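Heads up, structure.txt below (compact mmCIF, C-alpha atoms and all ligand atoms):
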# COMPACT_ATOMS: atom_id res chain seq x y z
CA MET A 934 5.81 -76.68 29.99
CA SER A 935 3.23 -74.49 31.77
CA LYS A 936 4.12 -70.91 32.58
CA GLU A 937 3.90 -71.66 36.34
CA ARG A 938 6.56 -74.34 36.00
CA ASN A 939 8.87 -71.74 34.52
CA ILE A 940 8.83 -69.87 37.84
CA ILE A 941 11.81 -71.12 39.83
CA SER A 942 13.32 -70.75 43.31
CA ILE A 943 16.64 -69.03 44.00
CA GLU A 944 18.21 -72.48 44.63
CA ASP A 945 17.06 -73.77 41.21
CA ALA A 946 18.28 -70.56 39.61
CA VAL A 947 21.74 -71.06 41.13
CA GLN A 948 21.87 -74.58 39.64
CA LYS A 949 20.88 -73.37 36.20
CA LEU A 950 23.39 -70.51 36.30
CA ASN A 951 26.12 -72.97 37.30
CA GLN A 952 25.19 -75.07 34.25
CA GLY A 953 25.52 -72.04 31.96
CA ILE A 954 21.76 -71.53 31.52
CA PRO A 955 20.50 -67.91 31.72
CA ILE A 956 17.52 -67.21 34.00
CA GLY A 957 15.11 -64.33 34.58
CA MET A 958 16.11 -62.25 37.62
CA PRO A 959 13.94 -59.66 39.38
CA THR A 960 15.50 -56.25 40.02
CA GLU A 961 14.02 -52.98 41.23
CA THR A 962 14.31 -51.43 37.74
CA VAL A 963 13.21 -54.14 35.30
CA TYR A 964 13.69 -57.92 35.13
CA GLY A 965 17.07 -59.07 33.76
CA LEU A 966 18.17 -62.17 31.84
CA ALA A 967 21.18 -63.23 33.90
CA ALA A 968 24.22 -65.45 33.34
CA ARG A 969 27.47 -65.99 35.30
CA ILE A 970 30.22 -63.80 33.87
CA ASP A 971 32.61 -66.80 33.85
CA LYS A 972 30.30 -69.05 31.74
CA PRO A 973 30.71 -68.04 28.06
CA ASP A 974 27.94 -70.48 27.05
CA GLY A 975 25.47 -68.70 29.29
CA ILE A 976 26.55 -65.26 28.05
CA GLN A 977 26.25 -66.40 24.43
CA LYS A 978 22.71 -67.69 25.11
CA ILE A 979 21.65 -64.27 26.44
CA PHE A 980 22.33 -62.79 23.00
CA THR A 981 20.65 -65.70 21.21
CA PHE A 982 17.50 -65.75 23.39
CA LYS A 983 17.04 -61.98 23.11
CA LYS A 984 18.06 -61.85 19.42
CA ARG A 985 20.41 -59.13 20.60
CA PRO A 986 23.25 -58.02 18.32
CA PHE A 987 26.70 -58.83 19.66
CA PHE A 988 27.75 -55.16 19.35
CA ASP A 989 25.56 -54.27 22.33
CA PRO A 990 27.42 -54.72 25.67
CA LEU A 991 25.88 -56.22 28.83
CA ILE A 992 26.02 -54.69 32.30
CA VAL A 993 27.31 -56.73 35.23
CA HIS A 994 25.43 -57.05 38.53
CA VAL A 995 27.23 -57.36 41.86
CA PHE A 996 26.14 -57.82 45.46
CA SER A 997 28.70 -55.50 47.11
CA ILE A 998 31.03 -52.58 46.41
CA ASP A 999 33.98 -54.91 47.06
CA GLN A 1000 32.76 -57.31 44.38
CA ALA A 1001 32.44 -54.40 41.91
CA LYS A 1002 36.05 -53.44 42.57
CA THR A 1003 37.19 -56.93 41.52
CA LEU A 1004 35.85 -56.19 38.01
CA VAL A 1005 37.16 -52.70 37.26
CA GLU A 1006 40.19 -50.39 37.24
CA GLY A 1007 40.18 -46.74 38.26
CA TRP A 1008 37.62 -46.87 41.07
CA GLY A 1009 37.99 -43.32 42.43
CA ARG A 1010 36.48 -41.08 45.07
CA VAL A 1011 33.54 -40.18 42.82
CA HIS A 1012 32.68 -43.84 42.23
CA GLN A 1013 32.96 -44.58 45.93
CA SER A 1014 30.69 -41.64 46.81
CA LEU A 1015 28.09 -42.52 44.20
CA ALA A 1016 28.09 -46.20 45.15
CA SER A 1017 27.72 -45.29 48.86
CA SER A 1018 24.80 -42.97 48.04
CA PHE A 1019 22.93 -45.00 45.44
CA TRP A 1020 23.84 -48.70 45.79
CA PRO A 1021 22.03 -50.91 46.00
CA GLY A 1022 19.96 -49.00 43.45
CA PRO A 1023 19.32 -47.90 39.86
CA LEU A 1024 22.77 -46.50 38.98
CA THR A 1025 25.17 -48.23 36.57
CA MET A 1026 28.76 -46.96 36.45
CA VAL A 1027 30.99 -47.58 33.44
CA LEU A 1028 34.71 -48.06 34.21
CA GLN A 1029 37.77 -49.68 32.65
CA LYS A 1030 37.33 -53.45 32.81
CA LYS A 1031 39.72 -55.99 34.31
CA SER A 1032 40.53 -59.06 32.21
CA LEU A 1033 38.10 -61.36 34.08
CA VAL A 1034 35.30 -59.50 32.29
CA SER A 1035 35.25 -61.05 28.81
CA ASP A 1036 35.06 -59.20 25.51
CA LEU A 1037 31.81 -61.04 24.80
CA ILE A 1038 30.21 -59.23 27.75
CA THR A 1039 31.55 -55.80 26.75
CA SER A 1040 31.28 -56.28 22.96
CA GLY A 1041 34.99 -55.71 22.70
CA LEU A 1042 34.97 -52.41 24.62
CA ASN A 1043 37.63 -51.96 27.30
CA THR A 1044 34.98 -50.64 29.68
CA VAL A 1045 32.22 -52.40 31.64
CA GLY A 1046 29.01 -51.16 33.28
CA VAL A 1047 28.50 -52.36 36.88
CA ARG A 1048 25.60 -52.02 39.26
CA MET A 1049 24.27 -53.40 42.55
CA PRO A 1050 20.53 -54.01 42.17
CA ASN A 1051 18.20 -53.05 45.02
CA HIS A 1052 16.17 -56.24 45.20
CA PRO A 1053 16.62 -58.76 48.02
CA MET A 1054 16.19 -61.78 45.72
CA ALA A 1055 18.72 -60.48 43.18
CA LEU A 1056 21.26 -59.77 45.92
CA LYS A 1057 20.66 -63.21 47.49
CA LEU A 1058 21.04 -64.84 44.08
CA ILE A 1059 24.32 -63.09 43.23
CA GLU A 1060 25.71 -63.84 46.69
CA SER A 1061 24.65 -67.52 46.52
CA VAL A 1062 26.14 -67.99 43.05
CA GLY A 1063 29.37 -66.41 44.28
CA CYS A 1064 29.99 -64.77 40.90
CA PRO A 1065 28.82 -61.48 39.33
CA LEU A 1066 25.97 -61.84 36.84
CA ALA A 1067 25.81 -60.19 33.42
CA ALA A 1068 22.20 -59.24 32.68
CA PRO A 1069 20.44 -57.12 30.08
CA SER A 1070 16.71 -56.49 30.40
CA ALA A 1071 14.80 -59.75 29.79
CA ASN A 1072 12.95 -58.72 26.61
CA ARG A 1073 13.46 -59.47 22.95
CA PHE A 1074 15.82 -56.89 21.47
CA GLY A 1075 14.17 -53.53 20.83
CA ARG A 1076 11.00 -54.37 22.73
CA THR A 1077 9.39 -53.17 25.96
CA SER A 1078 11.31 -54.28 29.08
CA PRO A 1079 9.54 -56.67 31.49
CA THR A 1080 8.58 -55.51 34.99
CA THR A 1081 7.01 -58.79 36.20
CA ALA A 1082 8.00 -62.47 35.99
CA ALA A 1083 4.92 -63.08 33.83
CA ASP A 1084 6.18 -60.46 31.33
CA VAL A 1085 9.55 -62.25 31.16
CA LEU A 1086 7.77 -65.49 30.25
CA VAL A 1087 5.71 -63.71 27.58
CA GLU A 1088 8.96 -62.34 26.09
CA LEU A 1089 11.26 -65.33 26.45
CA GLY A 1090 9.20 -68.32 27.70
CA ASP A 1091 9.26 -69.78 24.18
CA GLN A 1092 13.06 -69.97 24.49
CA GLY A 1093 12.62 -72.15 27.60
CA VAL A 1094 13.67 -69.34 29.95
CA SER A 1095 12.74 -69.77 33.65
CA CYS A 1096 12.34 -66.84 36.02
CA ILE A 1097 12.45 -66.06 39.73
CA ASP A 1098 9.26 -64.21 40.73
CA GLY A 1099 10.20 -61.16 42.80
CA GLY A 1100 6.95 -59.23 42.28
CA PRO A 1101 6.51 -56.09 40.16
CA SER A 1102 9.68 -53.96 39.72
CA GLN A 1103 9.34 -50.91 41.94
CA VAL A 1104 11.32 -48.37 39.87
CA GLY A 1105 9.90 -49.62 36.55
CA ILE A 1106 12.46 -48.15 34.11
CA GLU A 1107 16.11 -49.07 33.65
CA SER A 1108 19.05 -47.74 35.65
CA THR A 1109 20.82 -44.47 34.93
CA ILE A 1110 24.12 -45.26 33.19
CA ILE A 1111 27.03 -42.88 33.77
CA GLU A 1112 30.74 -42.52 33.26
CA ALA A 1113 32.47 -40.41 35.94
CA SER A 1114 35.84 -38.72 36.10
CA GLU A 1115 37.32 -36.39 38.70
CA ASP A 1116 40.03 -33.83 38.94
CA GLN A 1117 40.73 -32.53 42.45
CA SER A 1118 37.36 -31.34 43.75
CA GLN A 1119 35.62 -31.33 40.36
CA ALA A 1120 33.70 -34.16 38.73
CA VAL A 1121 32.51 -34.67 35.17
CA ILE A 1122 29.57 -37.03 34.74
CA THR A 1123 28.63 -38.34 31.30
CA VAL A 1124 25.06 -39.62 31.27
CA LEU A 1125 24.92 -42.51 28.78
CA ARG A 1126 21.28 -43.31 29.59
CA PRO A 1127 18.91 -41.37 31.87
CA GLY A 1128 17.12 -43.58 34.39
CA GLY A 1129 16.08 -44.15 37.98
CA ILE A 1130 18.61 -41.62 39.42
CA SER A 1131 18.36 -38.01 38.19
CA ASN A 1132 21.19 -35.50 37.53
CA ASP A 1133 19.99 -33.46 40.52
CA GLN A 1134 20.31 -36.48 42.82
CA ILE A 1135 23.86 -37.13 41.56
CA ARG A 1136 24.86 -33.47 41.97
CA THR A 1137 23.47 -33.26 45.51
CA SER A 1138 25.16 -36.47 46.55
CA LEU A 1139 28.59 -35.43 45.22
CA LYS A 1140 28.43 -31.96 46.77
CA GLY A 1141 27.78 -33.67 50.11
CA CYS A 1142 31.10 -35.52 49.63
CA GLY A 1143 33.24 -32.42 49.11
CA ILE A 1144 33.10 -32.27 45.29
CA SER A 1145 32.52 -28.57 44.71
CA LYS A 1146 31.79 -28.60 40.95
CA VAL A 1147 29.83 -31.22 39.03
CA ASP A 1148 29.50 -30.95 35.24
CA PHE A 1149 27.21 -33.14 33.15
CA THR A 1150 28.08 -34.00 29.55
CA LYS A 1151 26.33 -35.91 26.79
CA PRO A 1152 27.95 -39.06 25.37
CA ASN A 1153 29.85 -39.13 22.12
CA LEU A 1154 27.39 -41.29 20.22
CA ASN A 1155 30.09 -42.61 17.90
CA SER A 1156 32.02 -44.15 20.78
CA VAL A 1157 29.46 -46.88 21.59
CA LYS A 1158 26.32 -48.02 19.89
CA ALA A 1159 24.36 -48.69 23.08
CA SER A 1160 20.91 -50.16 22.55
CA GLY A 1161 19.32 -47.64 24.88
CA GLN A 1162 20.74 -44.97 22.56
CA LEU A 1163 19.25 -46.44 19.38
CA LYS A 1164 16.40 -44.42 17.94
CA HIS A 1165 13.74 -47.14 18.18
CA HIS A 1166 13.81 -49.15 21.37
CA TYR A 1167 11.41 -50.24 24.15
CA MET A 1168 8.75 -50.68 21.44
CA PRO A 1169 5.34 -52.23 22.13
CA GLN A 1170 3.81 -54.74 19.67
CA ILE A 1171 1.65 -52.08 18.00
CA PRO A 1172 2.55 -48.48 17.04
CA LEU A 1173 2.67 -45.84 19.76
CA VAL A 1174 1.72 -42.36 18.57
CA LEU A 1175 2.63 -39.30 20.65
CA VAL A 1176 0.24 -36.35 20.39
CA SER A 1177 -0.42 -33.15 22.33
CA PRO A 1178 -3.06 -32.77 25.09
CA ASP A 1179 -5.58 -30.99 22.85
CA HIS A 1180 -5.74 -33.76 20.22
CA SER A 1181 -8.98 -35.74 20.03
CA GLU A 1182 -9.12 -39.46 19.17
CA ALA A 1183 -10.31 -38.49 15.68
CA ASP A 1184 -7.22 -36.25 15.30
CA VAL A 1185 -4.99 -39.15 16.36
CA ILE A 1186 -6.52 -41.53 13.80
CA LYS A 1187 -6.30 -38.93 11.03
CA PHE A 1188 -2.64 -38.14 11.85
CA TYR A 1189 -1.75 -41.85 12.04
CA LEU A 1190 -3.44 -42.76 8.73
CA GLU A 1191 -1.81 -39.81 6.96
CA HIS A 1192 1.66 -40.76 8.19
CA HIS A 1193 1.78 -44.52 8.86
CA GLU A 1194 3.59 -45.23 5.62
CA GLU A 1195 6.53 -43.22 6.96
CA ILE A 1196 7.07 -45.87 9.67
CA PRO A 1197 9.83 -48.14 8.35
CA SER A 1198 8.96 -51.86 8.33
CA GLU A 1199 12.24 -52.56 10.10
CA PHE A 1200 14.66 -50.27 11.91
CA GLU A 1201 18.03 -51.21 13.41
CA GLY A 1202 17.04 -54.88 13.34
CA VAL A 1203 13.65 -54.36 15.04
CA LYS A 1204 10.47 -55.07 13.06
CA LEU A 1205 7.92 -52.27 13.33
CA ASN A 1206 4.18 -52.76 12.90
CA ARG A 1207 2.07 -50.35 10.89
CA PRO A 1208 -1.58 -51.42 10.53
CA THR A 1209 -3.39 -49.79 7.63
CA LYS A 1210 -6.76 -49.47 9.41
CA VAL A 1211 -7.60 -48.19 12.87
CA SER A 1212 -10.82 -49.53 14.41
CA ASN A 1213 -9.66 -49.52 18.02
CA LEU A 1214 -7.21 -47.29 19.75
CA SER A 1215 -5.89 -47.49 23.25
CA GLU A 1216 -4.80 -44.49 25.31
CA LEU A 1217 -1.66 -44.69 27.42
CA ILE A 1218 -2.42 -42.59 30.49
CA LEU A 1219 0.46 -41.94 32.86
CA PRO A 1220 0.00 -41.05 36.54
CA ALA A 1221 0.85 -37.41 37.42
CA ALA A 1222 3.67 -38.38 39.85
CA PRO A 1223 6.88 -39.28 37.97
CA GLU A 1224 7.84 -42.17 40.31
CA LEU A 1225 4.46 -43.81 39.68
CA ALA A 1226 4.55 -43.01 35.98
CA ALA A 1227 7.94 -44.73 35.69
CA ARG A 1228 6.78 -47.74 37.72
CA GLU A 1229 3.74 -48.24 35.51
CA LEU A 1230 5.08 -47.17 32.10
CA TYR A 1231 6.06 -50.57 30.69
CA SER A 1232 3.17 -52.52 32.23
CA ASN A 1233 0.74 -49.88 30.91
CA LEU A 1234 2.29 -50.10 27.44
CA ARG A 1235 1.91 -53.89 27.54
CA ARG A 1236 -1.70 -53.62 28.72
CA CYS A 1237 -2.51 -51.14 25.95
CA SER A 1238 -1.05 -53.40 23.28
CA SER A 1239 -2.94 -56.49 24.46
CA ASN A 1240 -6.33 -54.72 24.28
CA ASN A 1241 -7.17 -55.69 20.70
CA ALA A 1242 -6.19 -52.16 19.80
CA ASP A 1243 -4.61 -51.28 16.45
CA ILE A 1244 -2.55 -48.40 17.81
CA ILE A 1245 -1.70 -46.78 21.17
CA PHE A 1246 -1.60 -43.03 21.69
CA CYS A 1247 -0.29 -40.89 24.52
CA ARG A 1248 -1.01 -37.22 25.14
CA VAL A 1249 2.35 -35.66 26.06
CA ASN A 1250 2.00 -32.53 28.19
CA ASP A 1251 4.47 -29.83 29.21
CA GLN A 1252 5.36 -31.38 32.58
CA PHE A 1253 7.34 -33.95 30.58
CA GLN A 1254 10.00 -31.27 30.06
CA THR A 1255 11.07 -31.21 33.74
CA ASP A 1256 14.11 -33.00 35.28
CA SER A 1257 12.13 -35.71 37.06
CA TRP A 1258 10.51 -36.76 33.76
CA VAL A 1259 13.71 -36.97 31.68
CA ALA A 1260 14.04 -40.77 31.83
CA ILE A 1261 10.34 -41.41 31.18
CA ARG A 1262 10.43 -39.03 28.22
CA ASP A 1263 13.49 -40.80 26.84
CA ARG A 1264 11.72 -44.20 26.93
CA LEU A 1265 8.44 -42.84 25.56
CA PHE A 1266 10.09 -41.09 22.61
CA LYS A 1267 12.17 -44.17 21.73
CA ALA A 1268 9.11 -46.43 22.02
CA ALA A 1269 7.12 -44.17 19.68
CA SER A 1270 6.55 -44.94 16.00
CA LEU A 1271 5.11 -41.50 15.19
CA ILE A 1272 5.37 -38.15 16.97
CA HIS A 1273 2.98 -35.31 16.09
CA PRO A 1274 4.86 -32.08 15.17
CA LYS A 1275 2.93 -30.22 17.91
CA VAL A 1276 4.66 -32.35 20.57
CA LYS A 1277 7.70 -30.52 21.95
CA ILE A 1278 10.82 -32.62 21.46
O1 LIG B 1301 18.25 -51.33 35.08
C1 LIG B 1301 19.01 -51.87 34.28
O2 LIG B 1301 20.07 -51.35 33.92
C2 LIG B 1301 18.58 -53.24 33.71
C3 LIG B 1301 18.52 -54.26 34.86
C4 LIG B 1301 18.26 -55.65 34.40
O3 LIG B 1301 19.70 -54.18 35.61
N1 LIG B 1301 19.47 -53.65 32.69
C5 LIG B 1301 19.47 -53.13 31.45
O4 LIG B 1301 20.34 -53.74 30.58
O5 LIG B 1301 18.77 -52.19 31.15
P1 LIG B 1301 20.26 -53.49 28.99
O6 LIG B 1301 21.29 -54.39 28.40
O7 LIG B 1301 18.88 -53.67 28.53
O8 LIG B 1301 20.74 -52.04 28.85
C6 LIG B 1301 22.07 -51.72 29.23
C7 LIG B 1301 22.60 -50.62 28.37
C8 LIG B 1301 22.67 -50.96 26.91
O9 LIG B 1301 22.13 -49.86 26.18
C9 LIG B 1301 24.16 -51.10 26.65
O10 LIG B 1301 24.47 -50.75 25.33
C10 LIG B 1301 24.75 -50.15 27.68
O11 LIG B 1301 23.93 -50.35 28.79
N2 LIG B 1301 26.11 -50.50 28.07
C11 LIG B 1301 26.53 -51.64 28.63
N3 LIG B 1301 27.87 -51.63 28.81
C12 LIG B 1301 28.30 -50.43 28.37
C13 LIG B 1301 29.60 -49.80 28.26
N4 LIG B 1301 30.70 -50.43 28.67
N5 LIG B 1301 29.65 -48.57 27.74
C14 LIG B 1301 28.52 -47.94 27.34
N6 LIG B 1301 27.29 -48.47 27.39
C15 LIG B 1301 27.17 -49.70 27.89
MG MG B 1302 17.19 -53.33 27.52

Would it be possible to restate this file's structure as structure tokens?
Amino acid sequence: MSKERNIISIEDAVQKLNQGIPIGMPTETVYGLAARIDKPDGIQKIFTFKKRPFFDPLIVHVFSIDQAKTLVEGWGRVHQSLASSFWPGPLTMVLQKKSLVSDLITSGLNTVGVRMPNHPMALKLIESVGCPLAAPSANRFGRTSPTTAADVLVELGDQGVSCIDGGPSQVGIESTIIEASEDQSQAVITVLRPGGISNDQIRTSLKGCGISKVDFTKPNLNSVKASGQLKHHYMPQIPLVLVSPDHSEADVIKFYLEHHEEIPSEFEGVKLNRPTKVSNLSELILPAAPELAARELYSNLRRCSSNNADIIFCRVNDQFQTDSWVAIRDRLFKAASLIHPKVKI
């Protein structure tokens, strides 16, 4: 089947979803591989197509706040405020699940992540199907997430996956995932994955709703083995090497050749490449504005790895330390195979 024929309309997507066949769905963050939450066959296929381990839970996409409330327990004032401020948009909230969310979706956890995507075609699709859609990013496990329909077909077209074409994803990196709890006028926010919404945005929004104190905590990594929290994730097809701004191309090659044997051939189920010669290298250059850098990160990584290059390198400068770069930094460091000791971690 040609790639073009794998691009489908919303109506065709609804039919496939109703038959338990996952489809590629555009969202503002990255493209998802979606299935109806009430079709176990479809959910199972998501894991098979992506080669995703069953321990890694899926997030569920809704088209309204009311639909989200049908899935979860404990929806409080903080959730309502955050949903009003940021939905539709790149914020996923983890709450106790109701029984209509299966253990297959949550990998046996009693919590589920929910979000309302900010893309008209995704919202139309979820509304037309009349059922929330579980969807991870539409890439093979461990690899770079797709931000166009064409990228989805490169990743999963060989599995027969069809995709709705909603244009390039505007945010470009995945949603922020949080857990929120409140006690009187105080809120505690646990950031499970940094993303399209920053801590400052969350703090400002909650203060505007009468929450006087907002604390941020880091997740207990033993409680869930979330893929976004694995050490190697979002990886391009060839090694990505992070260096500092004063490194020349010759320095990059020397550093890579001295250290490439330290790259494991496989890590957490993801095969890593480690060429033994470097004839061509490709530089990942990120725009200076963080919104643009996020939007272009994954497509730039893909472009760099399809350039006949042996390795990719990126010069990481000090601006990466600031709040608006946290999510980009997180993705870049997890996508990297080698990090020069001069790069500040
Ligand atoms: O922007 C996004 O969030 C995209 C688009 C398609 O919506 N989706 C996405 O899904 O990034 P995925 O599966 O690639 O990443 C979701 C992350 C995984 O790391 C998973 O482990 C974590 O969310 N997750 C899902 N449910 C969870 C839960 N109940 N508790 C903790 N982490 C959870
Ligand atoms: Mg993913």

Separation of atom CA of Thr1123 of chain A and atom C8 of ligand LIG 1301 (chain B), in Å?
->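 Going from atom CA of Thr1123 of chain A over to atom C8 of ligand LIG 1301 (chain B) covers 14.6 Å.
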
Residue with the minimum atom-to-atom distance to His1193 of chain A, picked from A:Leu1205, A:Ala1221, A:Ala1016, A:Val1034 with all atoms listed in the file counted, is A:Leu1205

Using only C-alpha atoms and all ligand atoms, which protein or nucleic acid residues are at most 6 Å from ligand LIG 1301 (chain B), as an NGL selection string?
-> :A and (962-965 or 989-992 or 1023 or 1027 or 1039 or 1044-1046 or 1068-1070 or 1107-1108 or 1157 or 1159-1161)

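Residues within 10 Å of Glu1006 of chain A, counting all atoms listed in the file and excluding same-chain residues fewer than 5 positions away, are Ala1001, Leu1028, Gln1029, Lys1030, Lys1031, Thr1044 and Val1045 of chain A.
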
Pick out the closest residue to Leu1066 of chain A from this set: A:Arg1010, A:Arg1126, A:Lys972, A:Lys978. Count only C-alpha atoms.
-> A:Lys972

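The smallest atom-to-atom distance between Lys1267 of chain A and any of A:Ile1245, A:Leu1024, A:Ala968, A:Val1174, using all atoms listed in the file, is found for A:Val1174.
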
A:Leu1265, A:Ile956, A:Ala1226, A:Gln1170 ranked by distance to Leu1058 of chain A, top pick (using all atoms listed in the file) =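 Ranked by minimum distance to Leu1058 of chain A, first place goes to A:Ile956.
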
May I ask for the distance between atom CA of Ala1083 of chain A and atom CA of Asn1240 of chain A, given in Å to one decimal place?
-> 17.0 Å

Between atom CA of Phe1188 of chain A and atom CA of Ala1242 of chain A, measure the distance and give it in Å to one decimal.
->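 Computing the Euclidean distance for atom CA of Phe1188 of chain A and atom CA of Ala1242 of chain A yields 16.5 Å.
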
Which residue of A:Ile979, A:Val1121, A:Val1085, A:Ile1272 approaches Ile1038 of chain A most closely, using only C-alpha atoms =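 Closest candidate: A:Ile979.
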
Selection: 12 Å around Trp1020 of chain A, all atoms listed in the file, excl. self and same-chain fewer than 6 positions, as a PDB file with C-alpha atoms, in the frame of the given file:
ATOM      1  CA  GLU A 961      14.020 -52.980  41.230  1.00  0.00           C
ATOM      2  CA  HIS A 994      25.430 -57.050  38.530  1.00  0.00           C
ATOM      3  CA  VAL A 995      27.230 -57.360  41.860  1.00  0.00           C
ATOM      4  CA  PHE A 996      26.140 -57.820  45.460  1.00  0.00           C
ATOM      5  CA  SER A 997      28.700 -55.500  47.110  1.00  0.00           C
ATOM      6  CA  ILE A 998      31.030 -52.580  46.410  1.00  0.00           C
ATOM      7  CA  ASP A 999      33.980 -54.910  47.060  1.00  0.00           C
ATOM      8  CA  ALA A1001      32.440 -54.400  41.910  1.00  0.00           C
ATOM      9  CA  HIS A1012      32.680 -43.840  42.230  1.00  0.00           C
ATOM     10  CA  GLN A1013      32.960 -44.580  45.930  1.00  0.00           C
ATOM     11  CA  SER A1014      30.690 -41.640  46.810  1.00  0.00           C
ATOM     12  CA  MET A1026      28.760 -46.960  36.450  1.00  0.00           C
ATOM     13  CA  VAL A1047      28.500 -52.360  36.880  1.00  0.00           C
ATOM     14  CA  ARG A1048      25.600 -52.020  39.260  1.00  0.00           C
ATOM     15  CA  MET A1049      24.270 -53.400  42.550  1.00  0.00           C
ATOM     16  CA  PRO A1050      20.530 -54.010  42.170  1.00  0.00           C
ATOM     17  CA  ASN A1051      18.200 -53.050  45.020  1.00  0.00           C
ATOM     18  CA  HIS A1052      16.170 -56.240  45.200  1.00  0.00           C
ATOM     19  CA  LEU A1056      21.260 -59.770  45.920  1.00  0.00           C
ATOM     20  CA  SER A1108      19.050 -47.740  35.650  1.00  0.00           C
ATOM     21  CA  GLY A1129      16.080 -44.150  37.980  1.00  0.00           C
ATOM     22  CA  ILE A1130      18.610 -41.620  39.420  1.00  0.00           C
TER      23      ILE A1130
END

Between A:Met1168, A:Ile970, A:Ile1218, A:Ala1183, which has the minimum distance to ligand MG 1302 (chain B) (counting only C-alpha atoms and all ligand atoms)?
->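 Of the candidates, the smallest distance to ligand MG 1302 (chain B) is held by A:Met1168.
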
So which residues touch Gln1252 of chain A within 12 Å, counting all atoms listed in the file, skipping near sequence neighbours fewer than 2 positions away, as a list in words?
-> Ser1177, Pro1178, Leu1219, Pro1220, Ala1221, Ala1222, Pro1223, Arg1248, Val1249, Asn1250, Gln1254, Thr1255, Asp1256, Ser1257, Trp1258, Val1259, Ile1261, Arg1262 and Lys1277 of chain A

Residues near Ile1097 of chain A, cut-off 6 Å, only C-alpha atoms, skip fewer than 6 positions along chain, as a list in words | Ile940, Ile941, Ser942 and Met958 of chain A

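For Pro1172 of chain A, the set of protein, DNA and RNA residues having any atom at most 7 Å away, when counting all atoms listed in the file and skipping those fewer than 6 positions along the same chain, is A:Asn1206, A:Arg1207, A:Ile1244, A:Ile1245, A:Ala1269, A:Ser1270.
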